[in-house]
>>> print(open('model-v7.cif').read())   # mmCIF, C-alpha atoms
data_input
#
loop_
_atom_site.label_atom_id
_atom_site.label_comp_id
_atom_site.auth_asym_id
_atom_site.auth_seq_id
_atom_site.Cartn_x
_atom_site.Cartn_y
_atom_site.Cartn_z
CA MET A 15 -146.49 77.56 -152.28
CA THR A 16 -146.87 80.18 -149.59
CA GLY A 17 -149.09 78.29 -147.15
CA GLU A 18 -152.11 80.55 -146.54
CA THR A 19 -153.11 78.70 -143.36
CA PHE A 20 -150.21 80.19 -141.40
CA ALA A 21 -150.73 83.39 -139.39
CA SER A 22 -149.58 86.54 -141.13
CA SER A 23 -149.84 90.27 -140.51
CA ASP A 24 -152.58 92.17 -142.34
CA PRO A 25 -151.37 94.37 -145.23
CA ALA A 26 -154.40 96.61 -144.71
CA VAL A 27 -152.76 98.23 -141.66
CA TYR A 28 -150.38 100.12 -143.96
CA LYS A 29 -152.84 100.75 -146.81
CA GLU A 30 -152.78 104.54 -146.33
CA TYR A 31 -149.15 104.72 -147.44
CA GLU A 32 -149.89 103.34 -150.90
CA ALA A 33 -151.40 106.66 -151.95
CA GLN A 34 -149.21 108.78 -149.67
CA TRP A 35 -146.06 107.41 -151.30
CA SER A 36 -147.36 106.99 -154.84
CA ILE A 37 -144.58 109.20 -156.20
CA LEU A 38 -141.07 107.84 -155.86
CA PRO A 39 -138.27 110.00 -154.46
CA SER A 40 -136.14 111.62 -157.13
CA ASP A 41 -132.74 111.89 -155.45
CA GLU A 42 -130.51 110.36 -152.79
CA GLU A 43 -131.80 112.63 -150.03
CA GLY A 44 -135.40 111.74 -150.83
CA TRP A 45 -134.72 108.00 -150.83
CA ILE A 46 -132.94 108.16 -147.49
CA GLN A 47 -135.80 110.16 -146.00
CA ARG A 48 -138.26 107.59 -147.33
CA ALA A 49 -136.28 104.85 -145.57
CA LYS A 50 -136.29 106.87 -142.35
CA ASP A 51 -140.06 107.28 -142.65
CA VAL A 52 -140.47 103.52 -143.02
CA ALA A 53 -138.25 102.93 -139.99
CA ASN A 54 -140.27 105.39 -137.89
CA ILE A 55 -143.50 103.57 -138.76
CA LEU A 56 -142.05 100.16 -137.99
CA ARG A 57 -140.48 101.09 -134.65
CA THR A 58 -143.80 102.13 -133.10
CA ASP A 59 -144.91 98.54 -132.51
CA VAL A 60 -141.88 96.44 -133.40
CA ALA A 61 -141.64 94.76 -129.98
CA VAL A 62 -145.23 93.54 -130.22
CA ARG A 63 -144.95 92.40 -133.82
CA GLU A 64 -141.73 90.57 -133.09
CA ARG A 65 -143.27 88.64 -130.19
CA GLU A 66 -146.28 87.68 -132.30
CA ASN A 67 -143.93 86.33 -134.98
CA LYS A 68 -146.48 86.49 -137.78
CA SER A 69 -145.47 86.13 -141.39
CA PRO A 70 -144.64 89.74 -142.42
CA LYS A 71 -147.08 90.27 -145.27
CA ALA A 72 -148.00 93.70 -143.95
CA GLU A 73 -144.40 94.77 -143.51
CA VAL A 74 -143.51 93.71 -147.06
CA ALA A 75 -146.58 95.60 -148.29
CA LEU A 76 -145.19 98.68 -146.52
CA LEU A 77 -141.86 98.21 -148.32
CA LYS A 78 -143.75 97.96 -151.60
CA HIS A 79 -145.77 101.11 -150.89
CA SER A 80 -142.56 102.98 -150.02
CA GLY A 81 -140.94 102.18 -153.36
CA LEU A 82 -137.78 100.96 -151.65
CA LEU A 83 -137.96 97.61 -153.44
CA LYS A 84 -137.42 99.54 -156.70
CA ILE A 85 -134.57 101.76 -155.57
CA LEU A 86 -131.86 100.08 -157.68
CA GLY A 87 -134.04 99.31 -160.69
CA PRO A 88 -133.81 101.10 -164.05
CA SER A 89 -135.83 104.28 -164.34
CA LYS A 90 -137.21 103.26 -167.74
CA TYR A 91 -139.34 100.65 -165.94
CA GLY A 92 -140.21 102.86 -162.98
CA GLY A 93 -137.21 102.18 -160.75
CA GLY A 94 -135.14 104.63 -158.75
CA GLU A 95 -131.90 103.84 -160.62
CA GLN A 96 -129.84 104.65 -157.54
CA PRO A 97 -126.31 103.32 -156.95
CA TRP A 98 -125.43 100.75 -154.31
CA THR A 99 -124.26 103.54 -151.98
CA VAL A 100 -127.88 104.61 -151.62
CA GLY A 101 -129.14 101.02 -151.60
CA TYR A 102 -126.93 100.09 -148.66
CA ARG A 103 -127.80 103.32 -146.86
CA VAL A 104 -131.55 102.64 -146.98
CA ILE A 105 -130.93 99.11 -145.68
CA ARG A 106 -129.16 100.65 -142.69
CA GLU A 107 -131.93 103.18 -142.07
CA VAL A 108 -134.77 100.64 -142.15
CA SER A 109 -132.74 98.31 -139.91
CA LYS A 110 -132.60 101.00 -137.23
CA GLY A 111 -136.36 100.70 -136.82
CA ASP A 112 -136.80 96.97 -137.38
CA GLY A 113 -133.86 94.65 -137.99
CA SER A 114 -136.02 91.96 -139.56
CA ILE A 115 -137.48 94.26 -142.19
CA GLY A 116 -134.11 95.86 -142.86
CA MET A 117 -132.75 92.39 -143.52
CA LEU A 118 -135.68 91.53 -145.80
CA LEU A 119 -135.05 94.71 -147.79
CA GLY A 120 -131.34 93.92 -148.05
CA TYR A 121 -131.91 90.38 -149.27
CA HIS A 122 -134.45 91.59 -151.82
CA LEU A 123 -132.00 94.13 -153.25
CA ILE A 124 -129.39 91.38 -153.58
CA TRP A 125 -131.68 88.82 -155.18
CA SER A 126 -133.43 91.32 -157.43
CA THR A 127 -130.10 92.23 -159.06
CA THR A 128 -128.86 88.64 -159.50
CA ALA A 129 -129.37 88.71 -163.27
CA ASN A 130 -127.26 91.86 -163.56
CA ILE A 131 -124.23 89.78 -162.51
CA PHE A 132 -124.96 86.27 -163.78
CA GLY A 133 -127.23 86.97 -166.74
CA SER A 134 -126.90 88.27 -170.26
CA SER A 135 -127.93 91.85 -171.01
CA GLU A 136 -131.22 90.57 -172.40
CA GLN A 137 -131.90 88.45 -169.33
CA ALA A 138 -130.99 91.26 -166.94
CA ASP A 139 -133.29 93.68 -168.72
CA ARG A 140 -136.15 91.17 -168.84
CA VAL A 141 -135.82 90.34 -165.12
CA GLN A 142 -135.63 94.00 -164.11
CA LYS A 143 -138.72 94.80 -166.14
CA GLU A 144 -140.69 92.00 -164.47
CA ILE A 145 -139.61 92.97 -160.95
CA ILE A 146 -139.97 96.73 -161.22
CA THR A 147 -143.19 96.97 -163.21
CA ASN A 148 -144.92 94.52 -160.86
CA ASN A 149 -143.26 95.84 -157.67
CA TYR A 150 -142.28 92.29 -156.80
CA TYR A 151 -140.48 91.13 -153.68
CA VAL A 152 -137.71 88.60 -154.45
CA GLY A 153 -136.54 85.85 -152.10
CA GLY A 154 -133.93 83.15 -152.56
CA ALA A 155 -133.39 79.42 -152.00
CA VAL A 156 -129.62 79.41 -152.37
CA ASN A 157 -128.02 78.65 -148.95
CA PRO A 158 -124.61 77.17 -149.90
CA ARG A 159 -124.14 75.29 -146.62
CA ASP A 160 -126.81 72.82 -147.74
CA ASN A 161 -126.46 70.36 -150.57
CA ASP A 162 -126.88 71.98 -153.96
CA LEU A 163 -130.21 71.70 -155.68
CA THR A 164 -129.95 69.15 -158.46
CA ILE A 165 -130.82 70.20 -161.99
CA LYS A 166 -131.86 67.73 -164.66
CA PRO A 167 -132.28 68.91 -168.26
CA GLU A 168 -135.48 67.64 -169.85
CA GLY A 169 -136.01 68.87 -173.40
CA ASP A 170 -136.37 72.65 -173.40
CA LYS A 171 -136.61 72.81 -169.61
CA LEU A 172 -134.49 72.40 -166.51
CA ILE A 173 -135.96 70.55 -163.51
CA PHE A 174 -134.81 71.70 -160.06
CA ASN A 175 -135.06 69.43 -156.99
CA GLY A 176 -133.72 69.59 -153.46
CA PHE A 177 -134.03 71.17 -150.03
CA LYS A 178 -132.66 74.31 -148.38
CA ASN A 179 -132.71 74.86 -144.62
CA PHE A 180 -132.82 78.63 -145.01
CA SER A 181 -134.79 80.71 -147.50
CA THR A 182 -135.03 84.28 -146.21
CA GLY A 183 -138.21 86.05 -147.25
CA GLY A 184 -139.35 83.13 -149.36
CA VAL A 185 -142.79 82.73 -147.81
CA ILE A 186 -143.79 86.32 -148.57
CA SER A 187 -141.97 86.63 -151.90
CA ASP A 188 -143.35 86.92 -155.41
CA LEU A 189 -140.25 85.50 -157.09
CA THR A 190 -137.59 83.08 -155.83
CA VAL A 191 -133.98 82.78 -156.94
CA LEU A 192 -132.94 79.14 -157.37
CA GLU A 193 -129.37 77.90 -157.72
CA GLY A 194 -128.19 74.38 -158.33
CA VAL A 195 -125.81 72.06 -160.13
CA VAL A 196 -126.55 70.25 -163.37
CA ALA A 197 -126.59 66.49 -162.76
CA ASP A 198 -123.26 64.72 -163.40
CA THR A 199 -121.42 68.03 -163.86
CA THR A 200 -119.95 70.81 -161.72
CA ASP A 201 -121.85 73.51 -163.61
CA HIS A 202 -124.01 75.86 -161.53
CA ILE A 203 -127.14 77.60 -162.77
CA PHE A 204 -129.06 80.53 -161.29
CA ALA A 205 -132.69 81.01 -162.30
CA ILE A 206 -135.57 83.19 -161.07
CA VAL A 207 -139.01 81.61 -160.83
CA SER A 208 -142.49 82.39 -159.57
CA THR A 209 -142.83 81.55 -155.88
CA ASN A 210 -146.51 80.65 -155.98
CA GLN A 211 -146.32 77.18 -157.50
CA PRO A 212 -146.82 73.67 -156.11
CA GLY A 213 -143.15 72.73 -156.38
CA ILE A 214 -142.01 75.38 -153.89
CA GLN A 215 -142.99 74.08 -150.46
CA PHE A 216 -142.06 76.13 -147.39
CA LYS A 217 -141.58 74.47 -144.01
CA HIS A 218 -142.84 77.46 -141.97
CA ASN A 219 -140.32 76.56 -139.26
CA TRP A 220 -138.54 79.86 -138.60
CA ASP A 221 -138.83 80.48 -134.83
CA ASN A 222 -135.37 81.73 -133.84
CA VAL A 223 -134.28 84.08 -131.07
CA GLY A 224 -133.69 86.99 -133.45
CA LEU A 225 -134.75 88.36 -136.84
CA ARG A 226 -138.04 86.69 -136.14
CA LEU A 227 -139.96 88.37 -138.94
CA THR A 228 -137.64 87.35 -141.78
CA GLU A 229 -139.31 84.05 -142.69
CA SER A 230 -135.89 82.41 -143.01
CA GLY A 231 -137.08 78.81 -142.63
CA GLY A 232 -136.62 75.80 -144.88
CA VAL A 233 -138.00 75.12 -148.33
CA LYS A 234 -138.37 72.02 -150.49
CA ILE A 235 -137.93 72.42 -154.22
CA ASP A 236 -139.89 69.65 -155.91
CA HIS A 237 -139.69 69.33 -159.69
CA VAL A 238 -139.68 73.05 -160.42
CA ALA A 239 -139.42 73.50 -164.18
CA VAL A 240 -137.44 76.38 -165.67
CA PRO A 241 -137.07 77.13 -169.39
CA TRP A 242 -133.51 77.11 -170.70
CA SER A 243 -133.92 80.76 -171.64
CA ASP A 244 -134.08 81.60 -167.92
CA ALA A 245 -130.79 79.88 -167.07
CA LEU A 246 -128.77 83.00 -166.24
CA GLY A 247 -125.61 83.34 -168.30
CA TRP A 248 -126.12 80.14 -170.29
CA ASP A 249 -126.17 79.79 -174.07
CA THR A 250 -129.56 78.31 -174.99
CA GLU A 251 -128.23 76.79 -178.22
CA SER A 252 -125.14 75.01 -176.89
CA LYS A 253 -126.62 74.42 -173.43
CA LYS A 254 -123.32 75.59 -171.97
CA PRO A 255 -122.30 78.48 -169.70
CA ASP A 256 -121.40 81.58 -171.69
CA PRO A 257 -117.69 82.11 -170.96
CA ASN A 258 -118.04 85.83 -171.61
CA ILE A 259 -120.44 86.06 -168.65
CA LEU A 260 -119.71 83.23 -166.24
CA GLY A 261 -116.08 82.64 -167.16
CA VAL A 262 -114.76 86.05 -166.06
CA PRO A 263 -113.95 87.34 -162.54
CA LEU A 264 -116.97 89.67 -162.49
CA ALA A 265 -119.31 86.76 -161.71
CA SER A 266 -117.54 86.38 -158.36
CA ILE A 267 -118.28 89.98 -157.28
CA PHE A 268 -121.71 88.79 -156.20
CA LEU A 269 -120.48 87.35 -152.90
CA PRO A 270 -118.75 90.50 -151.56
CA ILE A 271 -121.88 92.44 -152.52
CA VAL A 272 -123.88 90.01 -150.37
CA GLN A 273 -121.47 90.20 -147.43
CA LEU A 274 -121.55 93.99 -147.51
CA ASN A 275 -125.32 93.85 -147.23
CA PHE A 276 -124.90 91.92 -143.98
CA ALA A 277 -122.45 94.44 -142.55
CA ASN A 278 -124.75 97.34 -143.35
CA PHE A 279 -127.77 95.95 -141.59
CA TYR A 280 -125.64 94.98 -138.57
CA ILE A 281 -124.54 98.62 -138.34
CA GLY A 282 -128.11 99.82 -138.81
CA ILE A 283 -129.39 97.57 -136.02
CA ALA A 284 -126.60 98.78 -133.72
CA TRP A 285 -127.45 102.43 -134.39
CA GLY A 286 -131.08 101.57 -133.69
CA ALA A 287 -130.07 100.08 -130.34
CA LEU A 288 -127.98 103.11 -129.40
CA GLU A 289 -130.72 105.58 -130.33
CA PHE A 290 -133.42 103.55 -128.57
CA ALA A 291 -131.29 103.17 -125.44
CA ALA A 292 -130.38 106.87 -125.35
CA GLU A 293 -134.03 107.86 -125.45
CA TYR A 294 -134.80 105.36 -122.71
CA THR A 295 -131.97 106.70 -120.55
CA ARG A 296 -133.20 110.28 -120.91
CA LYS A 297 -136.76 109.37 -119.98
CA ASN A 298 -136.54 106.42 -117.59
CA THR A 299 -133.11 105.57 -116.20
CA ARG A 300 -132.58 106.70 -112.62
CA ALA A 301 -129.31 108.09 -111.30
CA TRP A 302 -127.40 105.85 -108.88
CA PRO A 303 -127.56 107.36 -105.38
CA TYR A 304 -124.61 105.54 -103.80
CA GLY A 305 -121.66 106.48 -105.97
CA GLY A 306 -120.15 109.30 -103.94
CA ASP A 307 -120.50 111.77 -106.80
CA ASN A 308 -124.26 111.71 -107.00
CA LYS A 309 -126.17 113.28 -109.88
CA GLU A 310 -129.81 114.20 -110.15
CA LYS A 311 -130.12 112.77 -113.66
CA ALA A 312 -128.73 109.52 -115.00
CA GLU A 313 -127.63 111.26 -118.16
CA ASP A 314 -125.14 113.33 -116.11
CA GLU A 315 -123.40 110.32 -114.59
CA PHE A 316 -119.81 109.75 -115.70
CA TYR A 317 -120.11 106.04 -116.51
CA ILE A 318 -123.25 106.56 -118.58
CA LEU A 319 -121.69 109.38 -120.58
CA GLN A 320 -118.56 107.30 -121.04
CA THR A 321 -120.58 104.30 -122.26
CA TYR A 322 -122.57 106.25 -124.83
CA GLY A 323 -119.52 108.21 -125.94
CA ASN A 324 -117.50 105.09 -126.55
CA PHE A 325 -120.28 103.32 -128.43
CA TYR A 326 -120.94 106.44 -130.50
CA ALA A 327 -117.27 106.70 -131.48
CA HIS A 328 -117.04 103.05 -132.52
CA LEU A 329 -120.28 103.17 -134.50
CA ARG A 330 -119.15 106.30 -136.34
CA ALA A 331 -115.93 104.49 -137.26
CA ALA A 332 -117.81 101.38 -138.42
CA THR A 333 -120.16 103.54 -140.48
CA ALA A 334 -117.29 105.40 -142.12
CA LEU A 335 -115.64 102.10 -143.05
CA ALA A 336 -118.91 100.79 -144.47
CA ASP A 337 -119.37 103.97 -146.48
CA LYS A 338 -115.92 103.46 -148.03
CA ALA A 339 -116.72 99.86 -148.95
CA ASN A 340 -120.18 100.85 -150.21
CA ALA A 341 -118.65 103.48 -152.47
CA GLU A 342 -116.25 100.92 -153.91
CA ALA A 343 -119.13 98.52 -154.51
CA ALA A 344 -121.07 101.21 -156.36
CA ARG A 345 -118.03 102.15 -158.45
CA LEU A 346 -117.23 98.62 -159.54
CA TYR A 347 -120.86 97.67 -160.06
CA GLY A 348 -121.55 100.76 -162.14
CA LYS A 349 -118.44 100.26 -164.24
CA TYR A 350 -118.65 96.54 -164.94
CA ALA A 351 -122.04 94.95 -164.16
CA ASN A 352 -124.27 94.12 -167.09
CA SER A 353 -122.01 95.98 -169.53
CA GLU A 354 -119.52 95.39 -172.29
CA ASN A 355 -116.78 96.13 -169.77
CA ARG A 356 -117.37 93.01 -167.68
CA ALA A 357 -114.38 91.18 -169.19
CA LYS A 358 -112.06 93.99 -168.06
CA PHE A 359 -112.76 93.37 -164.37
CA THR A 360 -109.65 91.77 -162.89
CA ALA A 361 -109.06 89.27 -160.11
CA GLU A 362 -106.92 91.87 -158.36
CA GLU A 363 -109.76 94.41 -158.35
CA ARG A 364 -112.07 91.77 -157.02
CA GLY A 365 -109.61 90.80 -154.29
CA GLU A 366 -109.04 94.38 -153.15
CA PHE A 367 -112.78 94.97 -152.98
CA ALA A 368 -113.34 91.72 -151.09
CA GLU A 369 -110.86 92.86 -148.44
CA TRP A 370 -112.61 96.19 -147.95
CA VAL A 371 -115.77 94.16 -147.43
CA ALA A 372 -114.03 91.75 -145.06
CA SER A 373 -112.71 94.66 -142.98
CA THR A 374 -116.19 96.12 -142.81
CA LYS A 375 -117.75 92.77 -141.87
CA VAL A 376 -115.25 92.22 -139.03
CA VAL A 377 -115.72 95.69 -137.57
CA ALA A 378 -119.50 95.68 -138.05
CA THR A 379 -119.82 92.29 -136.35
CA GLU A 380 -117.71 93.16 -133.33
CA THR A 381 -119.16 96.65 -132.91
CA SER A 382 -122.81 95.65 -133.32
CA LEU A 383 -122.52 92.80 -130.81
CA ARG A 384 -120.73 95.02 -128.29
CA VAL A 385 -123.15 97.93 -128.62
CA THR A 386 -126.39 95.93 -128.61
CA ALA A 387 -125.35 93.99 -125.51
CA GLY A 388 -123.63 96.89 -123.76
CA VAL A 389 -126.42 99.46 -123.88
CA PHE A 390 -128.07 97.72 -120.92
CA GLU A 391 -125.22 99.02 -118.73
CA ALA A 392 -126.51 102.52 -119.41
CA THR A 393 -130.26 101.85 -119.27
CA GLY A 394 -130.59 99.87 -116.04
CA SER A 395 -132.47 96.84 -114.82
CA ARG A 396 -135.96 98.05 -115.71
CA SER A 397 -134.95 98.14 -119.37
CA THR A 398 -134.84 94.34 -119.39
CA ALA A 399 -138.65 94.17 -119.26
CA ALA A 400 -140.08 92.34 -122.26
CA LYS A 401 -142.42 95.23 -123.04
CA VAL A 402 -139.43 97.55 -123.53
CA GLY A 403 -138.01 95.41 -126.31
CA LEU A 404 -134.40 96.55 -125.95
CA ASP A 405 -133.17 92.97 -126.15
CA ARG A 406 -134.34 92.56 -129.74
CA PHE A 407 -131.36 94.45 -131.15
CA TRP A 408 -128.82 92.05 -129.65
CA ARG A 409 -130.91 89.01 -130.56
CA ASP A 410 -131.09 90.21 -134.16
CA VAL A 411 -127.36 90.76 -134.65
CA ARG A 412 -126.42 87.67 -132.66
CA THR A 413 -128.63 85.54 -134.89
CA HIS A 414 -127.22 86.73 -138.19
CA THR A 415 -123.57 87.23 -137.20
CA LEU A 416 -123.46 83.43 -136.91
CA HIS A 417 -124.21 83.22 -140.65
CA ASP A 418 -120.54 82.59 -141.42
CA PRO A 419 -117.73 82.61 -138.82
CA VAL A 420 -116.10 86.04 -138.66
CA ALA A 421 -112.89 84.33 -137.51
CA TYR A 422 -112.31 83.32 -141.12
CA LYS A 423 -112.64 86.94 -142.20
CA ASN A 424 -109.93 87.84 -139.69
CA ARG A 425 -107.67 85.10 -141.06
CA GLU A 426 -108.40 86.27 -144.59
CA GLN A 427 -107.40 89.80 -143.62
CA GLY A 428 -104.21 88.49 -142.06
CA ARG A 429 -103.21 86.62 -145.19
CA TYR A 430 -103.95 89.69 -147.28
CA TYR A 431 -101.98 92.08 -145.08
CA LEU A 432 -99.09 89.87 -143.97
CA LEU A 433 -98.63 87.66 -147.03
CA GLY A 434 -100.07 89.84 -149.79
CA GLU A 435 -102.55 87.14 -150.83
CA ILE A 436 -105.87 88.12 -152.35
CA PRO A 437 -108.69 85.81 -151.24
CA GLU A 438 -109.84 82.97 -153.42
CA PRO A 439 -113.51 83.50 -154.32
CA THR A 440 -115.84 81.26 -152.32
CA TRP A 441 -119.52 81.31 -151.42
CA TYR A 442 -118.60 83.43 -148.39
CA THR A 443 -115.68 85.55 -149.64
#
>>> encode(input="model-v7.cif", output="structure tokens")
Amino acid sequence: MTGETFASSDPAVYKEYEAQWSILPSDEEGWIQRAKDVANILRTDVAVRERENKSPKAEVALLKHSGLLKILGPSKYGGGEQPWTVGYRVIREVSKGDGSIGMLLGYHLIWSTTANIFGSSEQADRVQKEIITNNYYVGGAVNPRDNDLTIKPEGDKLIFNGFKNFSTGGVISDLTVLEGVVADTTDHIFAIVSTNQPGIQFKHNWDNVGLRLTESGGVKIDHVAVPWSDALGWDTESKKPDPNILGVPLASIFLPIVQLNFANFYIGIAWGALEFAAEYTRKNTRAWPYGGDNKEKAEDEFYILQTYGNFYAHLRAATALADKANAEAARLYGKYANSENRAKFTAEERGEFAEWVASTKVVATETSLRVTAGVFEATGSRSTAAKVGLDRFWRDVRTHTLHDPVAYKNREQGRYYLLGEIPEPTWYT
């Protein structure tokens, strides 16, 4: 259950936007502008909210009011029916204003489309209808670095038990994605359940240096019952995985889709840092009076112009690479996901896509860390004040870029380029 005794932000602070944004955007431009509007609202007090570290009920309410949680959903149920290119772009835009909320949006878009990859057409449609018509936020208790949840069949139900150290967005979610292994087998099952039930017990222990408003703490899953009909991609009669769904390479596209989400919010956070720092430099940074080529304004100094120019160039390159990978994700997803074409998706297509994602993840990681740490060279010592909040960008990317070692992405790229090997699908590839 969500633990009402823990401090949370008040959804009433964003109530005005429920009516203001009652009509969803109708095209890509409108959705991107909506994301920019959300980012502008969030950035006004992000440093204060981050220090307070309250459970982000208000911020998730703002996402709900904006319609962004529905952006990928089918229009027949009130969704935006936009491709992943637009989905990833809005993640980047929101992350510019508040990395935590950009991350929450990204994880929701991943988890809310889980059934499109692992489920039957009927299951995918049923899940999308529930999420979109109720404007639900979806979290997940899936972290593969922990032991798998155990699943025990009992009659017409499956009983999930176990513990996960990380469950991003779980505390403020309406639905939770569970994943585990059936006892005495190697068979995995994904299922989506209501969060507000006694068997889902959050630890409320997320107090990390960055991404402080993501509620990414631990969760205990204690005898959570799921009907067999909600076991994504399983045949309810035979109680076996449907080979036409889970036995084809398409099921493994889920992980590159997840990794690309990470890269996009890293890039968004880095752009947020650069834009924030540039504004600070124009308004507050003082020129250095002892350099021999003195300037009246800091923004005219050579080393400051060089710093911003270099960061700008590298971020444009990272963004262009992400856009290429995003377009490939949208193409493959649109062609194969939740369709009769899923069996035609090949391991080679999957491998090529995974390497575009790996390239993007490597560049996004290195660029975001370099930019978010390096902007201080161009803003000066006063910008380190806690009230300024410039440090939050680095803390956010540093926290999440440790999610899985980027060194293994570099090795993977080397094997692909030098040896011509496509990567074997894993939980992180």
>>> closest_atom_pairs(input="model-v7.cif", of="region 151-228 of chain A", to="region 269-287 of chain A", cutoff="12 Å", atoms="all atoms listed in the file", output="CSV")
residue,atom,partner,partner_atom,distance
A:Pro158,CA,A:Leu269,CA,11.4
A:Gly224,CA,A:Ile283,CA,11.7
A:Leu225,CA,A:Ile283,CA,10.7
>>> closest_residue(input="model-v7.cif", among="A:Lys349, A:Tyr322, A:Leu264, A:Gln215", to="Ala292 (chain A)", atoms="all atoms listed in the file")
A:Tyr322
>>> closest_residue(input="model-v7.cif", among="A:Val74, A:Ala341, A:Ala327, A:Val156", to="Ala26 (chain A)", atoms="only C-alpha atoms")
A:Val74
>>> atom_distance(input="model-v7.cif", atom1="CA of Gly232 (chain A)", atom2="CA of Val185 (chain A)")
9.7 Å
>>> residues_near_point(input="model-v7.cif", point="(-131.6, 99.3, -119.2)", cutoff="10 Å", atoms="all atoms listed in the file", output="list in words")
Ala291, Ala292, Tyr294, Thr295, Asn298, Thr299, Arg300, Gly388, Val389, Phe390, Glu391, Ala392, Thr393, Gly394, Ser395, Arg396, Ser397, Thr398, Ala399, Val402, Leu404 and Asp405 of chain A
>>> closest_residue(input="model-v7.cif", among="A:Val191, A:Ala197, A:Ala332, A:Ala372", to="Phe132 (chain A)", atoms="all atoms listed in the file")
A:Val191
>>> resolve_selection(input="model-v7.cif", expression="the PyMOL selection byres ((chain A and resi 351-355) around 12)", output="number ranges by chain")
A: 97-98, 127-139, 142, 247, 258-260, 262-268, 271, 343-350, 356-360
>>> write_last_selection(input="model-v7.cif", atoms="C-alpha atoms", output="mmCIF file, in the coordinates of the input")
data_model
loop_
_atom_site.group_PDB
_atom_site.id
_atom_site.type_symbol
_atom_site.label_atom_id
_atom_site.label_comp_id
_atom_site.auth_asym_id
_atom_site.auth_seq_id
_atom_site.Cartn_x
_atom_site.Cartn_y
_atom_site.Cartn_z
ATOM 1 C CA PRO A 97 -126.310 103.320 -156.950
ATOM 2 C CA TRP A 98 -125.430 100.750 -154.310
ATOM 3 C CA THR A 127 -130.100 92.230 -159.060
ATOM 4 C CA THR A 128 -128.860 88.640 -159.500
ATOM 5 C CA ALA A 129 -129.370 88.710 -163.270
ATOM 6 C CA ASN A 130 -127.260 91.860 -163.560
ATOM 7 C CA ILE A 131 -124.230 89.780 -162.510
ATOM 8 C CA PHE A 132 -124.960 86.270 -163.780
ATOM 9 C CA GLY A 133 -127.230 86.970 -166.740
ATOM 10 C CA SER A 134 -126.900 88.270 -170.260
ATOM 11 C CA SER A 135 -127.930 91.850 -171.010
ATOM 12 C CA GLU A 136 -131.220 90.570 -172.400
ATOM 13 C CA GLN A 137 -131.900 88.450 -169.330
ATOM 14 C CA ALA A 138 -130.990 91.260 -166.940
ATOM 15 C CA ASP A 139 -133.290 93.680 -168.720
ATOM 16 C CA GLN A 142 -135.630 94.000 -164.110
ATOM 17 C CA GLY A 247 -125.610 83.340 -168.300
ATOM 18 C CA ASN A 258 -118.040 85.830 -171.610
ATOM 19 C CA ILE A 259 -120.440 86.060 -168.650
ATOM 20 C CA LEU A 260 -119.710 83.230 -166.240
ATOM 21 C CA VAL A 262 -114.760 86.050 -166.060
ATOM 22 C CA PRO A 263 -113.950 87.340 -162.540
ATOM 23 C CA LEU A 264 -116.970 89.670 -162.490
ATOM 24 C CA ALA A 265 -119.310 86.760 -161.710
ATOM 25 C CA SER A 266 -117.540 86.380 -158.360
ATOM 26 C CA ILE A 267 -118.280 89.980 -157.280
ATOM 27 C CA PHE A 268 -121.710 88.790 -156.200
ATOM 28 C CA ILE A 271 -121.880 92.440 -152.520
ATOM 29 C CA ALA A 343 -119.130 98.520 -154.510
ATOM 30 C CA ALA A 344 -121.070 101.210 -156.360
ATOM 31 C CA ARG A 345 -118.030 102.150 -158.450
ATOM 32 C CA LEU A 346 -117.230 98.620 -159.540
ATOM 33 C CA TYR A 347 -120.860 97.670 -160.060
ATOM 34 C CA GLY A 348 -121.550 100.760 -162.140
ATOM 35 C CA LYS A 349 -118.440 100.260 -164.240
ATOM 36 C CA TYR A 350 -118.650 96.540 -164.940
ATOM 37 C CA ARG A 356 -117.370 93.010 -167.680
ATOM 38 C CA ALA A 357 -114.380 91.180 -169.190
ATOM 39 C CA LYS A 358 -112.060 93.990 -168.060
ATOM 40 C CA PHE A 359 -112.760 93.370 -164.370
ATOM 41 C CA THR A 360 -109.650 91.770 -162.890
#
>>> resolve_selection(input="model-v7.cif", expression="the PyMOL selection byres ((chain A and resi 92) around 12)", output="number ranges by chain")
A: 36-40, 81-91, 93-96, 142-149
>>> atom_distance(input="model-v7.cif", atom1="CA of Gly176 (chain A)", atom2="CA of Val411 (chain A)")
29.0 Å
>>> closest_residue(input="model-v7.cif", among="A:Leu329, A:Leu189, A:Val238, A:Phe367", to="Glu342 (chain A)", atoms="all atoms listed in the file")
A:Phe367
>>> closest_residue(input="model-v7.cif", among="A:Leu335, A:Val60, A:Ile115, A:Ile46", to="Leu77 (chain A)", atoms="only C-alpha atoms")
A:Ile115
>>> closest_residue(input="model-v7.cif", among="A:Asp307, A:Glu362, A:Glu30, A:Asp201", to="Trp248 (chain A)", atoms="all atoms listed in the file")
A:Asp201
>>> atom_distance(input="model-v7.cif", atom1="CA of Ile206 (chain A)", atom2="CA of Asp160 (chain A)")
19.0 Å
>>> residues_around(input="model-v7.cif", residues="Ile173 (chain A)", least_positions_apart="6", cutoff="6 Å", atoms="only C-alpha atoms", output="list in words")
Ile165, Lys166, His237, Val238 and Ala239 of chain A
